[in-house]
Each structure stands twice: as C-alpha cells, then as structure tokens.
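input_2.tsv (TSV, C-alpha atoms and all ligand atoms) appears below.
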chain	number	residue	atom	x	y	z
A	1	MET	CA	41.55	-15.44	3.38
A	2	LYS	CA	40.49	-18.99	2.50
A	3	CYS	CA	38.13	-19.47	-0.45
A	4	LYS	CA	35.35	-20.89	1.76
A	5	GLU	CA	35.32	-17.74	3.88
A	6	ALA	CA	35.62	-15.60	0.75
A	7	ARG	CA	32.48	-17.20	-0.72
A	8	ARG	CA	30.47	-16.50	2.43
A	9	ARG	CA	31.61	-12.89	2.46
A	10	LEU	CA	31.13	-12.56	-1.28
A	11	SER	CA	27.40	-13.09	-0.83
A	12	ILE	CA	27.27	-10.33	1.78
A	13	PHE	CA	29.47	-8.12	-0.40
A	14	LEU	CA	27.07	-8.46	-3.34
A	15	ASP	CA	24.25	-7.32	-1.07
A	16	ASN	CA	26.27	-4.22	-0.13
A	17	GLU	CA	26.33	-5.20	3.52
A	18	LEU	CA	30.09	-5.38	4.14
A	19	SER	CA	32.04	-2.62	5.83
A	20	GLN	CA	34.49	-0.71	3.66
A	21	LYS	CA	37.44	-2.60	5.14
A	22	GLU	CA	35.82	-6.01	4.60
A	23	ALA	CA	34.83	-5.03	1.08
A	24	LEU	CA	38.44	-4.17	0.26
A	25	GLU	CA	39.56	-7.54	1.62
A	26	ILE	CA	37.13	-9.47	-0.53
A	27	LYS	CA	38.01	-7.41	-3.60
A	28	GLY	CA	41.65	-8.21	-2.88
A	29	HIS	CA	40.90	-11.94	-2.75
A	30	ILE	CA	38.88	-11.88	-5.97
A	31	SER	CA	41.66	-10.09	-7.82
A	32	GLN	CA	44.05	-12.91	-6.93
A	33	CYS	CA	41.77	-15.98	-7.07
A	34	VAL	CA	40.33	-17.04	-10.44
A	35	PHE	CA	37.83	-19.44	-8.84
A	36	CYS	CA	36.28	-16.84	-6.59
A	37	ALA	CA	36.39	-14.27	-9.39
A	38	LYS	CA	34.40	-16.65	-11.58
A	39	GLU	CA	31.97	-17.31	-8.77
A	40	ALA	CA	31.50	-13.58	-8.24
A	41	GLU	CA	30.79	-13.10	-11.91
A	42	ALA	CA	28.23	-15.92	-12.05
A	43	LEU	CA	26.43	-14.71	-8.93
A	44	SER	CA	26.32	-11.11	-10.17
A	45	ALA	CA	24.89	-12.26	-13.50
A	46	ALA	CA	22.14	-14.31	-11.81
A	47	LEU	CA	21.24	-11.53	-9.39
A	48	GLY	CA	21.24	-8.92	-12.12
A	49	PHE	CA	19.01	-11.13	-14.24
A	50	ILE	CA	16.30	-11.78	-11.65
A	51	LYS	CA	15.99	-8.04	-11.06
A	52	GLU	CA	14.56	-7.77	-14.54
A	53	LEU	CA	11.31	-9.40	-13.44
A	54	GLY	CA	8.45	-7.20	-14.66
A	55	THR	CA	6.22	-5.15	-12.38
A	56	ILE	CA	2.44	-4.78	-12.40
A	57	GLU	CA	0.15	-1.83	-11.78
A	58	PRO	CA	-2.64	-1.82	-9.19
A	59	PRO	CA	-6.11	-1.98	-10.78
A	60	LEU	CA	-7.96	1.34	-10.96
A	61	ASP	CA	-10.75	0.07	-8.71
A	62	PHE	CA	-8.35	-1.11	-6.01
A	63	TRP	CA	-9.51	1.47	-3.47
A	64	ASP	CA	-13.19	1.08	-4.34
A	65	ASN	CA	-13.05	-2.65	-3.75
A	66	LEU	CA	-11.07	-2.23	-0.57
A	67	SER	CA	-13.30	0.43	0.96
A	68	LYS	CA	-16.35	-1.76	0.35
A	69	LYS	CA	-14.70	-4.51	2.33
A	70	ILE	CA	-13.75	-2.41	5.33
A	71	ILE	CA	-16.82	-0.24	5.81
A	72	PRO	CA	-20.47	-1.08	5.11
A	73	GLN	CA	-22.01	1.18	2.45
A	74	GLU	CA	-24.33	3.16	4.74
A	75	GLU	CA	-21.48	4.16	7.08
A	76	ARG	CA	-19.10	5.23	4.35
A	77	VAL	CA	-20.35	8.77	3.82
A	78	PHE	CA	-19.87	9.50	7.52
A	79	SER	CA	-16.29	8.33	7.44
A	80	TYR	CA	-15.10	11.16	5.26
A	81	GLY	CA	-13.74	14.53	6.44
A	82	PHE	CA	-16.61	16.92	7.18
A	83	PHE	CA	-19.25	14.35	8.07
A	84	ARG	CA	-16.84	12.46	10.25
A	85	ARG	CA	-15.96	15.61	12.20
A	86	VAL	CA	-19.63	16.41	12.76
A	87	VAL	CA	-20.35	12.82	13.81
A	88	GLN	CA	-17.36	12.72	16.14
A	89	MET	CA	-18.15	16.03	17.91
A	90	PRO	CA	-19.01	15.80	21.61
A	91	VAL	CA	-22.80	15.79	22.07
A	92	PRO	CA	-23.18	19.41	23.38
A	93	ALA	CA	-20.99	20.77	20.56
A	94	ALA	CA	-22.92	18.77	17.97
A	95	ALA	CA	-26.24	19.95	19.43
A	96	SER	CA	-25.12	23.60	19.33
A	97	PHE	CA	-23.82	23.15	15.82
A	98	ILE	CA	-27.10	21.69	14.60
A	99	LEU	CA	-29.08	24.42	16.44
A	100	VAL	CA	-27.07	27.25	14.87
A	101	VAL	CA	-27.30	25.73	11.39
A	102	GLY	CA	-31.05	25.23	11.90
A	103	LEU	CA	-31.61	28.81	13.08
A	104	LEU	CA	-29.68	30.35	10.19
A	105	LEU	CA	-31.44	28.14	7.69
A	106	GLY	CA	-34.80	28.93	9.26
A	107	ILE	CA	-34.22	32.66	9.12
A	108	TYR	CA	-33.08	32.49	5.53
A	109	LEU	CA	-35.87	30.26	4.29
A	110	GLY	CA	-38.52	32.07	6.34
A	111	ASN	CA	-37.62	35.43	4.90
A	112	ALA	CA	-37.16	34.20	1.39
A	113	LEU	CA	-40.50	32.39	1.44
A	114	TYR	CA	-42.22	35.45	2.95
A	115	LEU	CA	-40.89	37.80	0.30
A	116	ASN	CA	-41.69	35.30	-2.41
A	117	ALA	CA	-45.20	34.85	-1.06
A	118	GLN	CA	-45.62	38.61	-1.32
A	119	GLY	CA	-44.83	38.25	-5.00
A	120	ASP	CA	-41.69	40.27	-4.57
A	121	SER	CA	-39.04	37.92	-5.84
A	122	SER	CA	-36.91	40.81	-7.08
A	123	LYS	CA	-36.53	41.86	-3.47
A	124	VAL	CA	-35.27	38.36	-2.63
A	125	ALA	CA	-32.52	38.61	-5.17
A	126	GLU	CA	-31.76	42.20	-4.19
A	127	ALA	CA	-31.68	41.45	-0.48
A	128	GLY	CA	-29.74	38.25	-1.11
A	129	ALA	CA	-27.07	40.20	-2.89
A	130	ASP	CA	-26.17	42.55	-0.07
A	131	ASN	CA	-27.41	40.60	2.92
A	132	PHE	CA	-27.65	36.87	2.72
A	133	PHE	CA	-29.83	36.51	5.77
A	134	TYR	CA	-32.02	39.62	5.16
A	135	LEU	CA	-31.02	40.91	8.54
A	136	ALA	CA	-29.59	44.34	7.82
A	137	SER	CA	-31.63	45.48	10.79
A	138	LEU	CA	-34.21	43.77	12.95
A	139	ASP	CA	-36.88	46.16	11.58
A	140	ASP	CA	-36.61	44.32	8.28
A	141	LEU	CA	-38.25	41.27	9.80
A	142	PRO	CA	-41.75	40.92	8.33
A	143	SER	CA	-44.19	42.10	11.02
A	144	ASP	CA	-46.33	38.95	10.90
A	145	SER	CA	-43.45	36.44	10.87
A	146	VAL	CA	-42.53	34.60	14.06
A	147	GLY	CA	-39.35	36.65	14.35
A	148	GLY	CA	-41.23	39.88	13.71
A	149	VAL	CA	-43.87	39.10	16.35
A	150	TYR	CA	-41.15	38.18	18.82
A	151	ILE	CA	-39.30	41.46	18.23
A	152	LYS	CA	-42.56	43.40	18.52
A	153	LEU	CA	-43.38	41.74	21.85
A	154	ALA	CA	-39.89	42.16	23.18
A	155	PHE	CA	-39.68	45.87	22.43
A	156	GLN	CA	-43.33	46.78	23.09
A	157	LYS	CA	-43.04	48.05	26.62
B	1	MET	CA	11.36	15.04	6.56
B	2	PRO	CA	8.80	13.89	9.13
B	3	ASP	CA	7.34	10.48	8.53
B	4	ASN	CA	3.92	11.25	7.12
B	5	ASP	CA	2.89	7.58	7.32
B	6	HIS	CA	2.73	7.78	11.10
B	7	SER	CA	0.27	10.67	11.09
B	8	LEU	CA	-1.81	8.99	8.38
B	9	MET	CA	-1.94	5.89	10.56
B	10	GLU	CA	-2.95	7.97	13.56
B	11	ARG	CA	-5.85	9.46	11.61
B	12	THR	CA	-6.77	6.04	10.24
B	13	ALA	CA	-6.93	4.74	13.81
B	14	GLN	CA	-9.49	7.48	14.54
B	15	GLY	CA	-11.59	6.20	11.67
B	16	ASP	CA	-10.60	8.80	9.08
B	17	LEU	CA	-11.13	7.03	5.76
B	18	SER	CA	-9.57	9.81	3.69
B	19	ALA	CA	-6.29	9.33	5.58
B	20	PHE	CA	-6.47	5.62	4.99
B	21	GLU	CA	-7.21	6.16	1.31
B	22	GLU	CA	-4.07	8.32	1.07
B	23	LEU	CA	-2.02	5.64	2.80
B	24	VAL	CA	-3.34	2.97	0.42
B	25	ALA	CA	-2.64	5.11	-2.65
B	26	LYS	CA	0.90	5.66	-1.43
B	27	HIS	CA	1.75	2.02	-0.75
B	28	GLN	CA	-0.49	-0.10	-2.98
B	29	ARG	CA	2.17	-0.52	-5.67
B	30	LEU	CA	4.74	-1.70	-3.16
B	31	VAL	CA	2.31	-4.14	-1.54
B	32	LEU	CA	0.99	-5.52	-4.82
B	33	ASN	CA	4.39	-6.01	-6.45
B	34	THR	CA	6.01	-7.58	-3.39
B	35	ILE	CA	3.20	-10.13	-3.22
B	36	PHE	CA	3.17	-10.62	-6.98
B	37	ARG	CA	6.89	-11.42	-6.97
B	38	TYR	CA	6.30	-13.92	-4.23
B	39	ILE	CA	3.28	-15.77	-5.61
B	40	GLY	CA	3.52	-14.96	-9.32
B	41	ASN	CA	-0.21	-14.66	-9.96
B	42	GLN	CA	-1.72	-11.24	-10.58
B	43	ALA	CA	-5.33	-11.91	-9.59
B	44	GLU	CA	-4.32	-13.59	-6.35
B	45	ALA	CA	-1.74	-10.89	-5.66
B	46	GLU	CA	-4.53	-8.30	-5.91
B	47	ASP	CA	-6.72	-10.24	-3.48
B	48	LEU	CA	-3.90	-10.68	-1.01
B	49	SER	CA	-2.98	-6.99	-1.30
B	50	GLN	CA	-6.51	-6.14	-0.24
B	51	GLU	CA	-6.07	-8.55	2.64
B	52	VAL	CA	-2.90	-6.70	3.70
B	53	PHE	CA	-4.68	-3.33	3.77
B	54	ILE	CA	-7.67	-4.77	5.61
B	55	ARG	CA	-5.23	-5.85	8.33
B	56	VAL	CA	-3.54	-2.43	8.33
B	57	PHE	CA	-6.96	-0.84	8.87
B	58	LYS	CA	-7.95	-3.35	11.52
B	59	PHE	CA	-4.71	-3.03	13.47
B	60	ALA	CA	-4.37	0.75	13.06
B	61	LYS	CA	-5.47	1.34	16.66
B	62	ARG	CA	-2.76	-0.96	17.94
B	63	TYR	CA	-0.08	0.51	15.69
B	64	ARG	CA	2.80	2.18	17.57
B	65	PRO	CA	5.14	4.35	15.51
B	66	GLN	CA	8.34	2.79	16.87
B	67	ALA	CA	9.95	1.67	13.62
B	68	LYS	CA	9.38	2.73	10.03
B	69	PHE	CA	5.80	2.22	8.89
B	70	THR	CA	7.00	0.18	5.92
B	71	THR	CA	8.80	-2.28	8.23
B	72	TRP	CA	5.46	-2.95	9.88
B	73	LEU	CA	3.77	-3.13	6.49
B	74	TYR	CA	6.33	-5.62	5.14
B	75	ARG	CA	5.79	-7.75	8.24
B	76	ILE	CA	2.09	-8.01	7.41
B	77	ILE	CA	2.91	-8.76	3.76
B	78	THR	CA	5.39	-11.48	4.80
B	79	ASN	CA	2.90	-13.10	7.17
B	80	ILE	CA	0.21	-13.13	4.53
B	81	CYS	CA	2.53	-14.56	1.86
B	82	LEU	CA	3.95	-17.31	4.08
B	83	ASN	CA	0.46	-18.15	5.30
B	84	TYR	CA	-0.83	-18.28	1.75
B	85	HIS	CA	1.90	-20.73	0.89
B	86	ARG	CA	1.11	-22.96	3.87
B	87	GLN	CA	-2.57	-23.05	2.93
B	88	LYS	CA	-1.72	-23.72	-0.71
B	89	LYS	CA	0.41	-26.64	0.37
B	90	ARG	CA	-2.44	-28.18	2.36
B	91	LYS	CA	-4.92	-27.91	-0.50
B	92	PRO	CA	-4.24	-29.72	-3.77
B	93	SER	CA	-2.78	-26.92	-5.81
B	94	VAL	CA	-1.84	-26.03	-9.34
B	95	SER	CA	1.67	-24.97	-10.19
B	96	LEU	CA	2.24	-21.25	-10.02
B	97	ASP	CA	3.64	-21.41	-13.51
B	98	SER	CA	0.55	-22.89	-15.06
B	99	PRO	CA	-1.90	-20.45	-16.63
B	100	VAL	CA	-4.68	-19.16	-14.42
B	101	PHE	CA	-8.27	-19.89	-15.44
B	102	ILE	CA	-11.16	-17.87	-14.13
B	103	GLU	CA	-14.60	-19.00	-15.28
B	104	GLY	CA	-13.06	-20.91	-18.15
B	105	GLU	CA	-11.01	-18.03	-19.44
B	106	GLU	CA	-7.28	-17.90	-19.24
B	107	LEU	CA	-6.04	-14.92	-17.31
B	108	PRO	CA	-3.07	-13.24	-18.98
B	109	ARG	CA	-0.27	-11.92	-16.84
B	110	GLN	CA	-0.37	-8.20	-17.26
B	111	ILE	CA	3.18	-7.02	-17.00
B	112	SER	CA	3.35	-3.27	-17.48
B	113	LEU	CA	4.92	-2.39	-20.80
B	114	PRO	CA	4.52	0.78	-22.87
B	115	SER	CA	1.49	0.44	-25.17
B	116	ASP	CA	3.57	0.75	-28.36
B	117	THR	CA	5.81	-2.21	-27.44
B	118	GLN	CA	6.63	-4.52	-30.40
B	119	PRO	CA	5.25	-8.10	-30.28
B	120	ASP	CA	8.71	-9.70	-30.31
B	121	VAL	CA	9.73	-7.50	-27.39
B	122	ILE	CA	6.62	-8.62	-25.53
B	123	LEU	CA	7.45	-12.26	-26.25
B	124	GLU	CA	11.01	-11.81	-25.09
B	125	ARG	CA	9.75	-10.09	-21.99
B	126	GLN	CA	7.31	-12.93	-21.25
B	127	GLU	CA	9.96	-15.56	-21.77
B	128	LYS	CA	12.38	-13.75	-19.51
B	129	ASP	CA	9.71	-13.33	-16.85
B	130	SER	CA	8.83	-16.99	-16.88
B	131	VAL	CA	12.50	-18.02	-16.57
B	132	ILE	CA	12.98	-15.65	-13.62
B	133	ARG	CA	9.68	-16.78	-12.13
B	134	GLU	CA	10.70	-20.40	-12.30
B	135	ALA	CA	14.05	-19.68	-10.67
B	136	ILE	CA	12.48	-17.66	-7.85
B	137	ASP	CA	9.72	-20.21	-7.31
B	138	SER	CA	12.27	-22.99	-6.98
B	139	LEU	CA	13.55	-21.40	-3.76
B	140	PRO	CA	12.29	-22.52	-0.36
B	141	GLU	CA	9.73	-20.02	0.96
B	142	LYS	CA	11.91	-18.14	3.45
B	143	GLN	CA	14.79	-17.82	1.01
B	144	LYS	CA	12.37	-16.56	-1.58
B	145	MET	CA	10.98	-13.91	0.76
B	146	ALA	CA	14.47	-12.81	1.83
B	147	VAL	CA	15.54	-12.46	-1.81
B	148	ILE	CA	12.46	-10.42	-2.68
B	149	LEU	CA	12.93	-8.08	0.28
B	150	GLN	CA	16.67	-7.70	-0.35
B	151	ARG	CA	16.87	-7.61	-4.14
B	152	PHE	CA	13.59	-6.01	-5.18
B	153	GLU	CA	12.66	-3.93	-2.18
B	154	GLY	CA	16.26	-2.92	-1.43
B	155	LEU	CA	15.99	-3.60	2.30
B	156	SER	CA	19.01	-4.07	4.56
B	157	TYR	CA	19.76	-7.31	6.41
B	158	GLY	CA	18.79	-5.51	9.63
B	159	GLU	CA	15.36	-4.56	8.30
B	160	ILE	CA	14.77	-8.00	6.82
B	161	SER	CA	15.66	-9.63	10.13
B	162	LYS	CA	13.07	-7.45	11.89
B	163	ILE	CA	10.44	-8.22	9.26
B	164	MET	CA	11.03	-11.96	9.18
B	165	GLY	CA	11.68	-12.27	12.89
B	166	CYS	CA	15.09	-13.91	12.72
B	167	SER	CA	18.71	-12.92	13.38
B	168	VAL	CA	20.88	-11.05	10.90
B	169	SER	CA	23.14	-14.09	10.60
B	170	ALA	CA	20.11	-16.23	9.76
B	171	ILE	CA	19.26	-13.76	6.97
B	172	GLU	CA	22.88	-13.89	5.77
B	173	SER	CA	22.70	-17.64	5.45
B	174	LEU	CA	19.23	-17.62	3.81
B	175	LEU	CA	20.53	-15.21	1.19
B	176	PHE	CA	23.77	-17.13	0.73
B	177	ARG	CA	21.86	-20.33	-0.07
B	178	ALA	CA	19.35	-18.49	-2.22
B	179	LYS	CA	22.12	-17.00	-4.36
B	180	GLN	CA	23.74	-20.40	-4.85
B	181	ALA	CA	20.41	-21.89	-5.93
B	182	LEU	CA	19.62	-19.04	-8.32
B	183	LYS	CA	23.06	-19.25	-9.88
B	184	GLU	CA	22.61	-23.00	-10.47
B	185	LYS	CA	19.08	-22.60	-11.79
B	186	LEU	CA	19.99	-19.83	-14.24
B	187	LYS	CA	23.42	-20.95	-15.40
B	188	ASP	CA	22.18	-22.60	-18.61
B	189	TYR	CA	20.08	-19.61	-19.53
B	190	LEU	CA	22.82	-17.09	-18.81
B	191	ASN	CA	25.66	-18.93	-20.60
A	201	ZN	ZN	39.17	-17.95	-3.67
Is it possible to give me this structure as structure tokens?
Amino acid sequence: MKCKEARRRLSIFLDNELSQKEALEIKGHISQCVFCAKEAEALSAALGFIKELGTIEPPLDFWDNLSKKIIPQEERVFSYGFFRRVVQMPVPAAASFILVVGLLLGIYLGNALYLNAQGDSSKVAEAGADNFFYLASLDDLPSDSVGGVYIKLAFQK
Amino acid sequence: MPDNDHSLMERTAQGDLSAFEELVAKHQRLVLNTIFRYIGNQAEAEDLSQEVFIRVFKFAKRYRPQAKFTTWLYRIITNICLNYHRQKKRKPSVSLDSPVFIEGEELPRQISLPSDTQPDVILERQEKDSVIREAIDSLPEKQKMAVILQRFEGLSYGEISKIMGCSVSAIESLLFRAKQALKEKLKDYLN
C-alpha cells in the first residue's frame, strides 16, 4: 500500500469505519512506515483532544418556554391527557359523557342539598359512607324532589 | 426493544402534548449539545434548540417512521445550524469566540462541572474549551457538522450521509480534510 492511500484509509480507520480486513492492512502499513505511524499518532491526539469539549445542561424552564411557543395559553389545558380525550371524542360520545356526568352530579348534589336543608347533615355523611349517590333504593328519594315526584308518578297506577 | 420515539411522535401528531413533552425531555440534551458544539454560544444554542422542537411539533403529522427518529431529528438540527450560519454570514457578525453580551452584561459560558470543582481546574477547563472551540470553528461549515456528528454524536458515515444529504464518499472526504485541519490547528497546543 502506498502512503497516499494509507493516509486516506487511516482517516476512515480512526472513525472505525473500515472492515476487519482493511483495518488489518492499515495496521500492517503503520507498523512498517514511520511517517504514517507518526501521522496516525498526531491525528489520534487531535481527535482525542477535541472530544474533551465540555457539555451543557438544558435550562430547567426549557419545556415551559417551548410549550408557550407552540400552543396559546388558553388551549394548553385541553392538550393534556384527560381533557384532550374528552375534547377529541366524537360528538355523540361527548354528549352522552356530559349527560351521564351531569345526571350523576345532579343526583348527588340534589340529595345532599335536600338532606342538608332538612338539617340532617349527619345523614349526609352516613349515607355518603355506604352509598355515594344515596340510591340504595328508589324509595330513598325525597318525596318532594324531582326524582321522587317522577318515581311517584311512574309507579302510581 | 420497540422504538418508543415513533409512538411518541404518533401521539404528538394527534396533538397530545404530554407525549411531546416526553419526547422533548428525552432528546433536549442531545439537541442542545449538538447545536452548542456547532455554534459555541449557550444562549443562542438554547434558542435554536427550541426552534428544532417547534419544527418537530409542526412536522409531526408529516413524520413517517421509516428511519430512526434521531436521524430525522439530526436532519432538522443540521438544517437549522447551517441556516443559522448562512444568516450570520449575511449580517455583520461578532466572532463566536468573543464574549456574549446581553443587555450590557457578559454572559458566561456555563459548562457543566461538579459544584465543588477547584478554581484552577475550572480555568484549565475553560482554556481547553476555548482551544477546542477555536479549532472546531476554524473548519468550513460542512466539515464542522460532519465532525460533530461523527466524533461527538458517534454516528456512522451512513447515518451522516443520510442526515447531510450527500454520499458516503463525500462524508469520507469531508472528515479526511477536517482531521487534517484539526491536526494542524492543534499541533502547537498538543506538542
Ligand atoms: Zn506510509
């Protein structure tokens, strides 16, 4: 191998991109040629030295700054997990979801407020403990609440 | 191990910010340090890193998981760095080695060192960094990028050729010339 070719391959060898056979050939040349051996040493030293360049750490507010740039503030809350899934539901599914949540919340609040209004807050806590929605049986619905009136009408005849 | 980056990108494309946040957390160090090695200025490297992730977010819908995610990411980084250099050249610019002033205050380069590092070690570190910086900055832009991707990021010639959009033999010759230049530049310091 001529020195000119050896130098070209030496560069590739130092980058670990030569095949095993080619690597052996270049090692063979270096072991017999002082000039190329010196060149190899100088290149290795320079390459080893530049690798010592220090690294830096990303700032702690990197994500905060970035997220402000990609999504306007008011939309951000809807871009996260739960909210995003609700927002991205098909319209009928979203409507049903909202309806069910509304009904459950209505039943809960209605009953809690009714019992509280009766001055029976201990019953709220007691009922809450074993039945979150106060619906152990439909008879438990207060007789003058909307639900109670509905049940009364439905079962009257 | 399945490539988790692809699924994070898929979720990002659907607008899932938590997936994107995870992707950013995973790759921000790589992006920041690659750019920092290229331009040598911490504040600007941070700005350009944000620019990289803005593009990732913007192009998420068009992303196709054909190659490694990082190959795609490095391509964005490379474009942004080379572009930055072109714009810098057009505008009257300060040397990358000169200190950076923001609102009259000099911005120190914050190289990560353990907090109990001795002052003379810090000085030695800073001197070393500025010698390396000068050597790297003396390279033509494409050589510089090839060196950073090969030496610091540990990428193969094949990957670098995909990222920089040239043939493997072109990368070979870029790196050959870069090594010669670095050797010349550093010989006084290393002897
Ligand atoms: Zn020789």
Open item on the list: Using all atoms listed in the file, which residues of the polymer chains come no farther than 7 Å from ligand ZN 201 (chain A)? I'd like the answer as a list in words.
Closed with: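 Using all atoms listed in the file, I find these residues within 7 Å of ligand ZN 201 (chain A): Lys2, Cys3, Ala6, His29, Ile30, Cys33, Val34, Phe35 and Cys36 of chain A.
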Open item on the list: Measuring between all atoms listed in the file, which one of A:Ile70, A:Val149, A:Ala117, A:Leu18 shows the shortest distance to chain B?
Closed with: A:Ile70
Per residue of chain A within 9 Å of chain B, what are the shortest atom pair and its distance in Å to one decimal, counting all atoms listed in the file, with rows by chain and residue number, as a tab-separated table?
residue	atom	partner	partner_atom	distance
A:Arg7	CA	B:Phe176	CA	8.8
A:Arg8	CA	B:Phe176	CA	6.9
A:Leu10	CA	B:Phe176	CA	8.9
A:Ser11	CA	B:Phe176	CA	5.7
A:Ile12	CA	B:Glu172	CA	6.9
A:Asp15	CA	B:Gln150	CA	7.6
A:Asn16	CA	B:Ser156	CA	8.6
A:Glu17	CA	B:Ser156	CA	7.5
A:Ala42	CA	B:Lys183	CA	6.5
A:Leu43	CA	B:Lys183	CA	5.7
A:Ser44	CA	B:Lys183	CA	8.8
A:Ala45	CA	B:Leu190	CA	7.5
A:Ala46	CA	B:Lys183	CA	5.4
A:Leu47	CA	B:Lys179	CA	7.5
A:Phe49	CA	B:Ile132	CA	7.6
A:Ile50	CA	B:Ile132	CA	5.5
A:Lys51	CA	B:Phe152	CA	6.7
A:Glu52	CA	B:Asp129	CA	7.7
A:Leu53	CA	B:Asp129	CA	5.4
A:Gly54	CA	B:Ile111	CA	5.8
A:Thr55	CA	B:Ile111	CA	5.8
A:Ile56	CA	B:Ile111	CA	5.2
A:Glu57	CA	B:Arg29	CA	6.6
A:Pro58	CA	B:Arg29	CA	6.1
A:Pro59	CA	B:Glu46	CA	8.1
A:Phe62	CA	B:Gln50	CA	7.9
A:Trp63	CA	B:Glu21	CA	7.1
A:Asn65	CA	B:Gln50	CA	8.2
A:Leu66	CA	B:Gln50	CA	6.0
A:Ser67	CA	B:Glu21	CA	8.4
A:Lys69	CA	B:Ile54	CA	7.8
A:Ile70	CA	B:Ile54	CA	6.5
A:Arg76	CA	B:Leu17	CA	8.3
A:Ser79	CA	B:Leu17	CA	5.6
A:Tyr80	CA	B:Leu17	CA	5.8
A:Gly81	CA	B:Ser18	CA	6.9
A:Arg84	CA	B:Asp16	CA	7.3
- [ ] Find the distance between CA of Val56 in chain B and CA of Leu174 in chain B and write it in Å to one decimal.
- [x]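 Pair CA of Val56 in chain B / CA of Leu174 in chain B returns 27.7 Å.
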- [ ] Between CA of Ser7 in chain B and CA of Ala95 in chain A, measure the distance and give it in Å to one decimal.
- [x] 29.3 Å
Open item on the list: I want to know what sits within 9 Å of His85 in chain B, based on all atoms listed in the file, with residues of the same chain fewer than 5 positions away left out; could you give that as a ChimeraX atom specification?
Closed with: /B:39,80,90,141
Kindly list the centre and edge lengths in Å, rounded to one decimal, for the axis-aligned box that covers all listed atoms of range 61-65 of chain B plus 4 Å on each of its six sides, as JSON.
{"center_x": -0.2, "center_y": 1.7, "center_z": 16.7, "size_x": 18.6, "size_y": 13.3, "size_z": 10.4}
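The space between CA of Cys166 in chain B and CA of Ala146 in chain B spans 11.0 Å.
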